[in-house]
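First comes the structure, then the notes that go with it.
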Amino acid sequence: MTRWGGSDLTTRRAAPPVPGAESYRGLAPVRLDGGSAHRGGYANGPTLGRRHRVRRLLRQVFGAGSPLRDLDWFLLAIVVALMAFGTLLVWAATATSGLTYHDPYLIRQGINILIGLILMAAVSMLDYRQLRLYAPIVLVASCLGLLAVLSPLGVVVNGAKSWINLPGGFQIEPSEYAKIAVIFVCAMILGELRAGETRPGPRAIAKAVGLSLIPLILVVAQPDLGVVILLLALVAGLVVLSGVRLRWLALLLAGGVLSVVAVAKLHLLKSYQVSRLTSFLHPSEDPRGTGYSAFQSKITIGSGGMTGQGLFHGQLVAGGFVPEQHTDFIFAVAGEEIGLVGELVLIGLLALLLLRALHIAARADDQFGMLVASGIAIWFGVQSFINIGMTIGIMPVTGLPLPFVSYGGSALFADMIAIGALHCVHRHRSVFGHS
Amino acid sequence: MIPASKWRLAGLTVIIVGLLAVLGFRLWYLQVQTRGTYVSLATQDRIRDVVTPAVRGEILDDTGQPMVQNQSSLTVAVNMSVVSQESGGGTAELSRLAQLLGISDTVMQQRVRLCTATVHQPCWPGSPYQPIPVAQNVSQQVALEVLENRASFPGVTASIQPTIEYDQPIATATAQVLGYLQPITAQEVKKLHVPVTGFASDDLVGQSGLEAEYDKELRGTTGIDEVAVNAAGQVTSTIKDVKPKAGDDLVTSINANVQLATENALKSAILKTEAEGNTQATSGAAVVMTTTGRIVAMASWPTYNPSIWTGGINEQEFNQLFGTADGEPILERATQGQYFPGSTWKVTTTTAAVNAGYSLYSDYDCPASVDIGGHVFNNDFGNGGMMSLQTALILSCDTVFYNFGYDIWLKDNRQYDDVTSPSFPVQEEQQTELQWGFGKPTGVDLPGEAGGTVPTREWLYYLWKDNAHTGEDWCKYGNANGSYVQQIEYEDCVSGNVWTPGQAVLASIGQGYVAVTPLQLATAYAALANGGTLYSPRIGEELVSPTGKVVQQIVPPVDGHLPASAATLAYIRNALQGVVTQGTAASAFGGFPLNKVCIAGKTGTAQVAGNMATSNFASFAPCNNPQYVVVMMIPDSGYGADVSAPAIRQIWDAIYGLEGQPPALQNGQLPPPPHITSAGVIVPTAASIGSQQPSPGLAGLATGLSLTADTEPGGRPLGRPG
């Protein structure tokens, strides 16, 4: 190991960085299409040559060891099921004035899913190590995005300046990508052990935390408390998982506690933020104020009962009593319309997704892959918990959507990029296993 | 993967599964364990009751003329405590509302500003927290616009506000008979099982009189639209639609013409005795009823104008109505006033004497006085010598009846008189009196009726128990050698529970403890006149549904039979005829055309120590085929023959159109019941004649309007212009 100096084992073992070469690494069985390729040869001139190229591309895509063949189809199935579930709920949430296939939200969410699948596919085809290379780029890009949000380009939605208006009526939420950036950056730094290290040292921790602080501070400035909480959970989780010594953990914890105290003492949180964070404890005290959404959401879910009112038959959903019921409060729609049974199916799908991500993490070849996959698991897990928790009154109301389920492009794209990354980690392991 | 990471990853898995489990348990708790709470909260959220108060039924006289006419008007009210919370103090909202209502901003501002020392009308004189009515009689469209746009009109309501109009056909008041309405209280909501309408301030409930007695029928059924609303409060669908059902109209047997004559006669009798220098006579009552128990007129003095209740009552008016300074005009003295019947009572004593074995055809001594139980009881007109029972009634000889009372007392279960117990048998004479309907309410269809007093052993026992050592505390204040009152108190302390011969003697001429309401007296005389059937009198005649169907015929039920044979009653009736022609009432009826209508009656003058006598007269006519009974009782005014009898003569004049009076009833007959159209409109019968005919516009107005006004599903005109 020492001979290889700074580079770690994973790098050495990793596949060559040329994506096209990968498809030839596997022992692809000779197929009918392969045979026809031979018969074609160059005898038929440029047409056959073009055909040959098409076949080669198809083989690259679908052949053994190809990215698509190596896709985690189980993971994909879960994600597609979740998105389908979510689309139904979005439809139900927005069909308040009559059910129609022309529901603009339904159509747009369909487009979002298509774009998301393409993004996922693109990311999953990337070479594993390229993720590492992209990490700083993603970080810089998302920080620039976050800065742009704070500039006059930003749009205030629900009290937080977290959106940028794009031409053509599109909006983008850079904080979604900051989550990916923090996962990649932390995984890159904490997953790359220095010579003689068996676990990341204080320097790596400082570097990871320090770099993560840049997007974190920018998100605090928006302010988007949900994302702040999530980023903190990600950094803390990744530091812990990276295998740092417990003493550093203790130190980090002390630092965290100190900063929380400092925030409280120095009144860094605005009063509305404090009330937003604590109002979930007493939603009925101020049903028209900060607790309104939480209270209405609890009523909507509670009245759903075991099996709900039936999809598209929720009376409170129809009346639009829960604000943002197609985005952040989508779970309330599930609560009233499909009841406990439907919700448990939804949570079950989320659980399968998370367990699959953790499974990928556990079987990852290296620390980087493990950290990326488990970081994604933490992201989806914590975000799902905060989102569902806020709809049932056990978490504060923040602006975090329910992954794959809530309506919205930015969030879904980021989620699908993460799924692409999971595929990368998964494929890398399986490639290694094959060879 | 480094080992530390491996374990920590396992830990992360546990944490994530744990978090999801927390969600699952929390959801189970919300949706299964505590679901009921949220279902009801969801209902509150989502479902609103839109209440339409039912139009209250009207109260009509026997010809169908409304005595109480109800009007509903759609009223838009502004709750300034809500509106002023809006940005800019709600000026923008008020401006929008003004535009909707078609008034200028200035007028709107004036209507909602509060009256202060410097701000004068137009301004709002009421509480700033109360919705301020800014427009009345608005169209349904405007009201709906206000109700449906809660977002743009927060704090603005539109509601149907019933207003009660107390019509006074031919200027009669009938105030106490009609009663009044007041906003319903929480207890009444519970008791009456009426829905909480949300128009609490508009929800009125009958508090006395016919309004209270027939409240349930007059009220109708409140309409409730259960509508689903969305978060903005906009109605999305109607879940349940219960249409309001207008209340039934109550047709009474009160005849406005007779009522007017009765009120005038009572009023002028009291004012006349006041004019003669009697300051004590301040109140009284008169009843006109058929011999079958239908009340034709009922007057109580002092009275008030019932329109006082329209649009709310102020404190000064309230004190006037309920305060003793003005004689409590709120009291219906015909059913709530309890007076000494005096000699009008002698008819009961006569039947008691007959039942005790005295002959109707013997002569009885009428000395100037009798000495009974150590007391001397005088006759009012000195020694009358021997006379028939008929003459005793005609001249109203007290001593004849004293002796009856004493003799019955002597034979009446004397063994019970010295022991104290409430459960001893009723005395013989009082048994007769109870059978005449005295000592208990008649059961008339008016609330709060008094029962009068027949001093039975039970009654005496409780009177003594309540006042010997507590209450009046006779034993403390009584003195055997003190003043007249102190002597009585001393006696009452010693033997207040005992039916003494003195009490029996006084009771035989309707004095002592005996007390009756004017209505009881009228009921008893109606029974005497009709041959012995005691009716529980009724004012209500029929209830007419909004669709014009008579839903209930109200017939006075038979309450009992007089304890006398037909022959006895005929004998008494014959004697009472003589009272008017040659007896105590002869002077009062001097010159009366008895050949046209024969009147029979009995005067009553109940002496009260230290006060003027109670002047009573009870009469019926025609003598041979009695149709009506007229009774008047005026306490503290003098002889029955001097005050009440002349007043009753006026009433008879009015009923039959005698002595230059226009007849209140055609040929002395009650008018036929009013015609009810299929649309539920009650068309007054053209029975009223003479100068007292109501303006012809009244009937035309009612029928004409029903053609043009918006009619409710019930078929009742929704509102009449005020």
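By order in the structure tokens, chains are A, B, ...; within a chain, residues start at 1; ligands start at 1, following the order shown.
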
Would you mind listing, as a VMD selection string, all residues of chain A that have at least one atom within 7 Å of chain B, where only C-alpha atoms are what counts?
chain A and resid 241 to 243 299 to 306 316 319 to 321 340 344 358 366 to 367 381 385 389

Let's see if you can do this: from backbone DSSP, list all strand (DSSP E) residues in range 11-109 of chain B, as a ChimeraX atom specification.
/B:47-52,59-60,66-78

Could you please take those selected residues and save N, CA and C atoms as a PDB file, in the first residue's frame?
ATOM      1  N   ILE B  47     -67.443  21.611   6.919  1.00  0.00           N
ATOM      2  CA  ILE B  47     -68.886  21.706   6.770  1.00  0.00           C
ATOM      3  C   ILE B  47     -69.403  22.891   7.568  1.00  0.00           C
ATOM      4  N   ARG B  48     -70.170  23.696   6.895  1.00  0.00           N
ATOM      5  CA  ARG B  48     -70.785  24.841   7.576  1.00  0.00           C
ATOM      6  C   ARG B  48     -72.303  24.681   7.497  1.00  0.00           C
ATOM      7  N   ASP B  49     -72.936  25.059   8.554  1.00  0.00           N
ATOM      8  CA  ASP B  49     -74.393  25.086   8.538  1.00  0.00           C
ATOM      9  C   ASP B  49     -74.840  26.489   8.149  1.00  0.00           C
ATOM     10  N   VAL B  50     -75.574  26.576   7.090  1.00  0.00           N
ATOM     11  CA  VAL B  50     -76.154  27.862   6.723  1.00  0.00           C
ATOM     12  C   VAL B  50     -77.605  27.822   7.182  1.00  0.00           C
ATOM     13  N   VAL B  51     -77.905  28.672   8.114  1.00  0.00           N
ATOM     14  CA  VAL B  51     -79.202  28.587   8.763  1.00  0.00           C
ATOM     15  C   VAL B  51     -80.153  29.626   8.186  1.00  0.00           C
ATOM     16  N   THR B  52     -81.322  29.184   7.859  1.00  0.00           N
ATOM     17  CA  THR B  52     -82.369  30.110   7.435  1.00  0.00           C
ATOM     18  C   THR B  52     -83.470  30.058   8.479  1.00  0.00           C
ATOM     19  N   ILE B  59    -100.362  35.767  14.566  1.00  0.00           N
ATOM     20  CA  ILE B  59    -101.488  35.568  15.469  1.00  0.00           C
ATOM     21  C   ILE B  59    -102.621  36.463  14.974  1.00  0.00           C
ATOM     22  N   LEU B  60    -103.773  35.836  14.737  1.00  0.00           N
ATOM     23  CA  LEU B  60    -104.873  36.561  14.112  1.00  0.00           C
ATOM     24  C   LEU B  60    -106.087  36.569  15.013  1.00  0.00           C
ATOM     25  N   PRO B  66    -104.627  40.217  11.350  1.00  0.00           N
ATOM     26  CA  PRO B  66    -103.432  39.927  12.143  1.00  0.00           C
ATOM     27  C   PRO B  66    -103.316  40.833  13.369  1.00  0.00           C
ATOM     28  N   MET B  67    -103.064  40.199  14.492  1.00  0.00           N
ATOM     29  CA  MET B  67    -102.735  40.957  15.702  1.00  0.00           C
ATOM     30  C   MET B  67    -101.232  41.009  15.866  1.00  0.00           C
ATOM     31  N   VAL B  68    -100.564  39.925  15.432  1.00  0.00           N
ATOM     32  CA  VAL B  68     -99.109  39.932  15.377  1.00  0.00           C
ATOM     33  C   VAL B  68     -98.738  39.541  13.964  1.00  0.00           C
ATOM     34  N   GLN B  69     -98.002  40.396  13.336  1.00  0.00           N
ATOM     35  CA  GLN B  69     -97.634  40.168  11.952  1.00  0.00           C
ATOM     36  C   GLN B  69     -96.121  40.117  11.912  1.00  0.00           C
ATOM     37  N   ASN B  70     -95.602  39.132  11.228  1.00  0.00           N
ATOM     38  CA  ASN B  70     -94.164  38.975  11.249  1.00  0.00           C
ATOM     39  C   ASN B  70     -93.559  39.323   9.915  1.00  0.00           C
ATOM     40  N   GLN B  71     -92.397  39.896   9.993  1.00  0.00           N
ATOM     41  CA  GLN B  71     -91.724  40.333   8.794  1.00  0.00           C
ATOM     42  C   GLN B  71     -90.269  39.936   8.937  1.00  0.00           C
ATOM     43  N   SER B  72     -89.721  39.409   7.863  1.00  0.00           N
ATOM     44  CA  SER B  72     -88.299  39.098   7.865  1.00  0.00           C
ATOM     45  C   SER B  72     -87.637  40.018   6.873  1.00  0.00           C
ATOM     46  N   SER B  73     -86.500  40.525   7.239  1.00  0.00           N
ATOM     47  CA  SER B  73     -85.789  41.310   6.247  1.00  0.00           C
ATOM     48  C   SER B  73     -84.334  40.888   6.245  1.00  0.00           C
ATOM     49  N   LEU B  74     -83.770  40.800   5.059  1.00  0.00           N
ATOM     50  CA  LEU B  74     -82.358  40.451   4.929  1.00  0.00           C
ATOM     51  C   LEU B  74     -81.548  41.672   5.329  1.00  0.00           C
ATOM     52  N   THR B  75     -80.712  41.469   6.317  1.00  0.00           N
ATOM     53  CA  THR B  75     -79.963  42.575   6.870  1.00  0.00           C
ATOM     54  C   THR B  75     -78.469  42.298   6.739  1.00  0.00           C
ATOM     55  N   VAL B  76     -77.743  43.278   6.252  1.00  0.00           N
ATOM     56  CA  VAL B  76     -76.287  43.156   6.189  1.00  0.00           C
ATOM     57  C   VAL B  76     -75.708  43.896   7.380  1.00  0.00           C
ATOM     58  N   ALA B  77     -74.876  43.184   8.139  1.00  0.00           N
ATOM     59  CA  ALA B  77     -74.300  43.781   9.333  1.00  0.00           C
ATOM     60  C   ALA B  77     -72.783  43.685   9.266  1.00  0.00           C
ATOM     61  N   VAL B  78     -72.141  44.680   9.845  1.00  0.00           N
ATOM     62  CA  VAL B  78     -70.674  44.758   9.808  1.00  0.00           C
ATOM     63  C   VAL B  78     -70.156  44.617  11.231  1.00  0.00           C
TER      64      VAL B  78
END

Val372 in chain A surroundings by only C-alpha atoms, 7 Å radius, close-in-sequence under 6 positions cut, as a PyMOL selection string
chain A and resi 183-184+187

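Counting from CA of Ser587 in chain B, the distance to CA of Gln259 in chain B is 25.3 Å.
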
Would you list the contacts of range 114-124 of chain A as a PyMOL selection string, taking every protein, DNA or RNA residue within 12 Å and counting only C-alpha atoms, but skipping same-chain residues closer than 2 positions in sequence?
chain A and resi 19+61+66-73+75-77+79-80+83-84+107-112+126-131+134+404+408-428

Dump as a compact mmCIF listing (two decimals), in the first residue's frame, selection limited to N, CA and C atoms:
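again.txt, freshly written:
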# COMPACT_ATOMS: atom_id res chain seq x y z
N PRO A 19 -15.06 5.42 -20.74
CA PRO A 19 -16.35 4.73 -20.58
C PRO A 19 -16.60 3.68 -21.66
N VAL A 61 -24.72 -0.36 -24.69
CA VAL A 61 -25.75 0.03 -23.72
C VAL A 61 -26.36 -1.20 -23.05
N SER A 66 -22.58 -3.70 -19.53
CA SER A 66 -22.93 -2.35 -19.94
C SER A 66 -23.62 -1.65 -18.78
N PRO A 67 -23.64 -0.32 -18.83
CA PRO A 67 -24.26 0.40 -17.70
C PRO A 67 -25.72 -0.02 -17.47
N LEU A 68 -26.45 -0.22 -18.53
CA LEU A 68 -27.86 -0.56 -18.34
C LEU A 68 -28.01 -1.96 -17.76
N ARG A 69 -27.17 -2.91 -18.28
CA ARG A 69 -27.24 -4.26 -17.73
C ARG A 69 -26.86 -4.26 -16.28
N ASP A 70 -25.95 -3.35 -15.93
CA ASP A 70 -25.48 -3.32 -14.55
C ASP A 70 -26.32 -2.41 -13.67
N LEU A 71 -27.34 -1.82 -14.24
CA LEU A 71 -28.22 -1.00 -13.41
C LEU A 71 -28.81 -1.85 -12.29
N ASP A 72 -29.05 -1.20 -11.15
CA ASP A 72 -29.72 -1.92 -10.06
C ASP A 72 -31.23 -1.84 -10.36
N TRP A 73 -31.72 -2.83 -11.03
CA TRP A 73 -33.12 -2.79 -11.47
C TRP A 73 -34.09 -2.78 -10.30
N LEU A 75 -33.54 -1.31 -7.40
CA LEU A 75 -33.56 0.09 -6.95
C LEU A 75 -34.44 0.93 -7.89
N LEU A 76 -34.23 0.71 -9.16
CA LEU A 76 -34.97 1.50 -10.14
C LEU A 76 -36.48 1.23 -10.01
N ALA A 77 -36.80 -0.05 -9.77
CA ALA A 77 -38.21 -0.40 -9.64
C ALA A 77 -38.84 0.34 -8.45
N VAL A 79 -37.83 3.13 -7.12
CA VAL A 79 -37.89 4.56 -7.41
C VAL A 79 -39.06 4.86 -8.36
N VAL A 80 -39.20 4.01 -9.38
CA VAL A 80 -40.29 4.24 -10.33
C VAL A 80 -41.64 4.09 -9.61
N MET A 83 -42.24 7.18 -7.63
CA MET A 83 -42.60 8.33 -8.46
C MET A 83 -44.02 8.19 -9.00
N ALA A 84 -44.39 6.96 -9.34
CA ALA A 84 -45.75 6.72 -9.82
C ALA A 84 -46.76 7.04 -8.71
N ILE A 107 -49.16 16.70 -15.87
CA ILE A 107 -48.34 16.67 -17.08
C ILE A 107 -46.90 17.08 -16.76
N ARG A 108 -46.78 18.17 -15.99
CA ARG A 108 -45.44 18.65 -15.68
C ARG A 108 -44.65 17.65 -14.85
N GLN A 109 -45.38 16.99 -13.90
CA GLN A 109 -44.66 16.02 -13.08
C GLN A 109 -44.22 14.85 -13.96
N GLY A 110 -45.04 14.50 -14.96
CA GLY A 110 -44.63 13.46 -15.90
C GLY A 110 -43.36 13.85 -16.63
N ILE A 111 -43.32 15.09 -17.08
CA ILE A 111 -42.12 15.59 -17.76
C ILE A 111 -40.93 15.58 -16.79
N ASN A 112 -41.18 16.02 -15.56
CA ASN A 112 -40.12 16.02 -14.54
C ASN A 112 -39.54 14.62 -14.38
N LEU A 126 -21.84 7.37 -15.81
CA LEU A 126 -20.54 7.98 -15.54
C LEU A 126 -19.63 6.95 -14.89
N ASP A 127 -18.36 7.16 -15.11
CA ASP A 127 -17.41 6.32 -14.39
C ASP A 127 -17.45 6.70 -12.93
N TYR A 128 -17.24 5.69 -12.15
CA TYR A 128 -17.34 5.83 -10.71
C TYR A 128 -16.43 6.94 -10.18
N ARG A 129 -15.19 6.92 -10.69
CA ARG A 129 -14.24 7.88 -10.15
C ARG A 129 -14.53 9.29 -10.61
N GLN A 130 -15.27 9.36 -11.70
CA GLN A 130 -15.59 10.70 -12.19
C GLN A 130 -16.49 11.44 -11.21
N LEU A 131 -17.25 10.66 -10.44
CA LEU A 131 -18.09 11.29 -9.42
C LEU A 131 -17.21 12.15 -8.52
N TYR A 134 -16.18 15.15 -10.21
CA TYR A 134 -17.25 16.13 -10.33
C TYR A 134 -17.58 16.80 -9.00
N PHE A 404 -39.11 11.98 -4.26
CA PHE A 404 -39.77 11.23 -5.34
C PHE A 404 -41.29 11.38 -5.36
N GLY A 408 -42.53 18.73 -8.07
CA GLY A 408 -41.43 19.69 -8.19
C GLY A 408 -40.29 19.12 -9.01
N GLY A 409 -39.70 19.95 -9.86
CA GLY A 409 -38.63 19.50 -10.74
C GLY A 409 -37.29 19.42 -10.06
N SER A 410 -36.85 20.54 -9.49
CA SER A 410 -35.51 20.61 -8.91
C SER A 410 -35.25 19.45 -7.97
N ALA A 411 -36.21 19.25 -7.05
CA ALA A 411 -36.03 18.22 -6.04
C ALA A 411 -35.95 16.85 -6.71
N LEU A 412 -36.85 16.61 -7.66
CA LEU A 412 -36.87 15.29 -8.30
C LEU A 412 -35.58 15.06 -9.10
N PHE A 413 -35.11 16.11 -9.79
CA PHE A 413 -33.87 15.97 -10.56
C PHE A 413 -32.73 15.61 -9.61
N ALA A 414 -32.62 16.34 -8.51
CA ALA A 414 -31.55 16.07 -7.55
C ALA A 414 -31.67 14.64 -7.02
N ASP A 415 -32.92 14.25 -6.69
CA ASP A 415 -33.14 12.89 -6.18
C ASP A 415 -32.67 11.86 -7.22
N MET A 416 -33.01 12.11 -8.47
CA MET A 416 -32.68 11.13 -9.50
C MET A 416 -31.18 11.12 -9.79
N ILE A 417 -30.53 12.28 -9.67
CA ILE A 417 -29.07 12.31 -9.81
C ILE A 417 -28.46 11.43 -8.72
N ALA A 418 -29.02 11.54 -7.52
CA ALA A 418 -28.53 10.72 -6.42
C ALA A 418 -28.75 9.24 -6.72
N ILE A 419 -29.91 8.90 -7.29
CA ILE A 419 -30.15 7.50 -7.65
C ILE A 419 -29.13 7.05 -8.70
N GLY A 420 -28.82 7.96 -9.65
CA GLY A 420 -27.78 7.66 -10.64
C GLY A 420 -26.46 7.36 -9.95
N ALA A 421 -26.13 8.18 -8.96
CA ALA A 421 -24.89 7.97 -8.22
C ALA A 421 -24.92 6.63 -7.50
N LEU A 422 -26.07 6.28 -6.95
CA LEU A 422 -26.20 4.97 -6.29
C LEU A 422 -25.92 3.85 -7.28
N HIS A 423 -26.46 4.03 -8.50
CA HIS A 423 -26.21 3.04 -9.54
C HIS A 423 -24.73 2.91 -9.84
N CYS A 424 -24.06 4.05 -9.87
CA CYS A 424 -22.62 4.05 -10.11
C CYS A 424 -21.90 3.20 -9.08
N VAL A 425 -22.24 3.48 -7.82
CA VAL A 425 -21.58 2.76 -6.73
C VAL A 425 -21.89 1.28 -6.85
N HIS A 426 -23.16 0.99 -7.14
CA HIS A 426 -23.61 -0.39 -7.28
C HIS A 426 -22.86 -1.08 -8.43
N ARG A 427 -22.80 -0.39 -9.56
CA ARG A 427 -22.20 -1.00 -10.75
C ARG A 427 -20.72 -1.25 -10.55
N HIS A 428 -20.10 -0.30 -9.90
CA HIS A 428 -18.66 -0.46 -9.69
C HIS A 428 -18.38 -1.72 -8.90

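The space between CA of Gln552 in chain B and CA of Thr252 in chain B spans 12.0 Å.
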
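With CA of Leu190 in chain A on one side and CA of Leu402 in chain A on the other, the separation reads 28.0 Å.
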
Write out as a ChimeraX atom specification all residues of range 559-694 of chain B that DSSP puts in helix (DSSP H, G or I) for this structure's backbone.
/B:566-581,644-656,666-668,690-692

Could the residues in this selection be written to a file with N, CA and C atoms, as a compact mmCIF listing (two decimals), in the first residue's frame?
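Here's the written file again_35.txt:
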# COMPACT_ATOMS: atom_id res chain seq x y z
N ALA B 566 -129.64 20.63 37.04
CA ALA B 566 -130.07 21.61 36.04
C ALA B 566 -131.10 22.54 36.63
N ALA B 567 -131.94 21.99 37.48
CA ALA B 567 -132.99 22.81 38.09
C ALA B 567 -132.40 23.87 39.00
N THR B 568 -131.42 23.48 39.79
CA THR B 568 -130.76 24.43 40.67
C THR B 568 -130.14 25.56 39.87
N LEU B 569 -129.44 25.18 38.79
CA LEU B 569 -128.76 26.19 37.98
C LEU B 569 -129.78 27.11 37.31
N ALA B 570 -130.90 26.53 36.84
CA ALA B 570 -131.95 27.36 36.24
C ALA B 570 -132.50 28.33 37.27
N TYR B 571 -132.67 27.85 38.49
CA TYR B 571 -133.15 28.69 39.60
C TYR B 571 -132.19 29.87 39.81
N ILE B 572 -130.90 29.55 39.86
CA ILE B 572 -129.90 30.60 40.09
C ILE B 572 -129.89 31.59 38.92
N ARG B 573 -129.94 31.05 37.69
CA ARG B 573 -129.93 31.93 36.51
C ARG B 573 -131.12 32.89 36.56
N ASN B 574 -132.23 32.32 36.95
CA ASN B 574 -133.44 33.12 37.07
C ASN B 574 -133.24 34.24 38.09
N ALA B 575 -132.61 33.89 39.22
CA ALA B 575 -132.36 34.89 40.27
C ALA B 575 -131.43 35.98 39.74
N LEU B 576 -130.41 35.56 38.95
CA LEU B 576 -129.44 36.54 38.46
C LEU B 576 -130.08 37.49 37.43
N GLN B 577 -131.11 36.98 36.78
CA GLN B 577 -131.87 37.85 35.88
C GLN B 577 -132.52 38.96 36.70
N GLY B 578 -133.01 38.56 37.88
CA GLY B 578 -133.65 39.52 38.77
C GLY B 578 -132.68 40.52 39.34
N VAL B 579 -131.41 40.11 39.48
CA VAL B 579 -130.39 41.04 39.99
C VAL B 579 -130.35 42.28 39.09
N VAL B 580 -130.47 42.04 37.78
CA VAL B 580 -130.35 43.14 36.83
C VAL B 580 -131.64 43.95 36.76
N THR B 581 -132.75 43.26 36.85
CA THR B 581 -134.02 43.99 36.71
C THR B 581 -134.43 44.69 38.00
N SER B 644 -117.98 48.14 38.29
CA SER B 644 -117.87 47.10 37.26
C SER B 644 -119.16 46.94 36.46
N ALA B 645 -120.32 46.96 37.16
CA ALA B 645 -121.57 46.70 36.45
C ALA B 645 -121.82 47.72 35.34
N PRO B 646 -121.64 49.03 35.59
CA PRO B 646 -121.85 49.98 34.48
C PRO B 646 -120.87 49.74 33.33
N ALA B 647 -119.65 49.35 33.67
CA ALA B 647 -118.67 49.10 32.60
C ALA B 647 -119.10 47.90 31.77
N ILE B 648 -119.59 46.89 32.47
CA ILE B 648 -120.03 45.70 31.73
C ILE B 648 -121.25 46.02 30.87
N ARG B 649 -122.08 46.93 31.36
CA ARG B 649 -123.20 47.37 30.53
C ARG B 649 -122.69 47.90 29.19
N GLN B 650 -121.58 48.68 29.24
CA GLN B 650 -120.99 49.19 27.99
C GLN B 650 -120.56 48.06 27.08
N ILE B 651 -120.00 47.02 27.70
CA ILE B 651 -119.52 45.90 26.87
C ILE B 651 -120.70 45.21 26.19
N TRP B 652 -121.75 44.99 26.96
CA TRP B 652 -122.95 44.38 26.34
C TRP B 652 -123.49 45.27 25.25
N ASP B 653 -123.50 46.57 25.51
CA ASP B 653 -123.94 47.51 24.47
C ASP B 653 -123.15 47.30 23.20
N ALA B 654 -121.84 47.18 23.37
CA ALA B 654 -120.98 47.06 22.20
C ALA B 654 -121.21 45.74 21.48
N ILE B 655 -121.33 44.65 22.27
CA ILE B 655 -121.49 43.34 21.63
C ILE B 655 -122.76 43.31 20.77
N TYR B 656 -123.86 43.82 21.35
CA TYR B 656 -125.14 43.70 20.65
C TYR B 656 -125.54 44.97 19.90
N GLN B 666 -122.17 40.91 14.53
CA GLN B 666 -123.39 41.01 13.74
C GLN B 666 -124.45 40.08 14.34
N ASN B 667 -125.61 40.66 14.69
CA ASN B 667 -126.71 39.89 15.29
C ASN B 667 -126.28 39.16 16.56
N GLY B 668 -125.24 39.69 17.17
CA GLY B 668 -124.77 39.04 18.39
C GLY B 668 -124.09 37.72 18.14
N GLY B 690 -120.02 48.48 10.62
CA GLY B 690 -120.17 49.76 11.30
C GLY B 690 -118.91 50.60 11.18
N SER B 691 -118.82 51.56 12.07
CA SER B 691 -117.73 52.52 11.98
C SER B 691 -116.39 51.90 12.33
N GLN B 692 -116.44 50.69 12.94
CA GLN B 692 -115.18 50.10 13.38
C GLN B 692 -114.56 49.20 12.32

Pick out the residues sitting within 10 Å of range 137-153 of chain A, and hand them over as a PyMOL selection string; count only C-alpha atoms, and ignore anything fewer than 4 positions along from it in its own chain.
chain A and resi 131-133+161-166+172-185+211-212+214-219+221-223
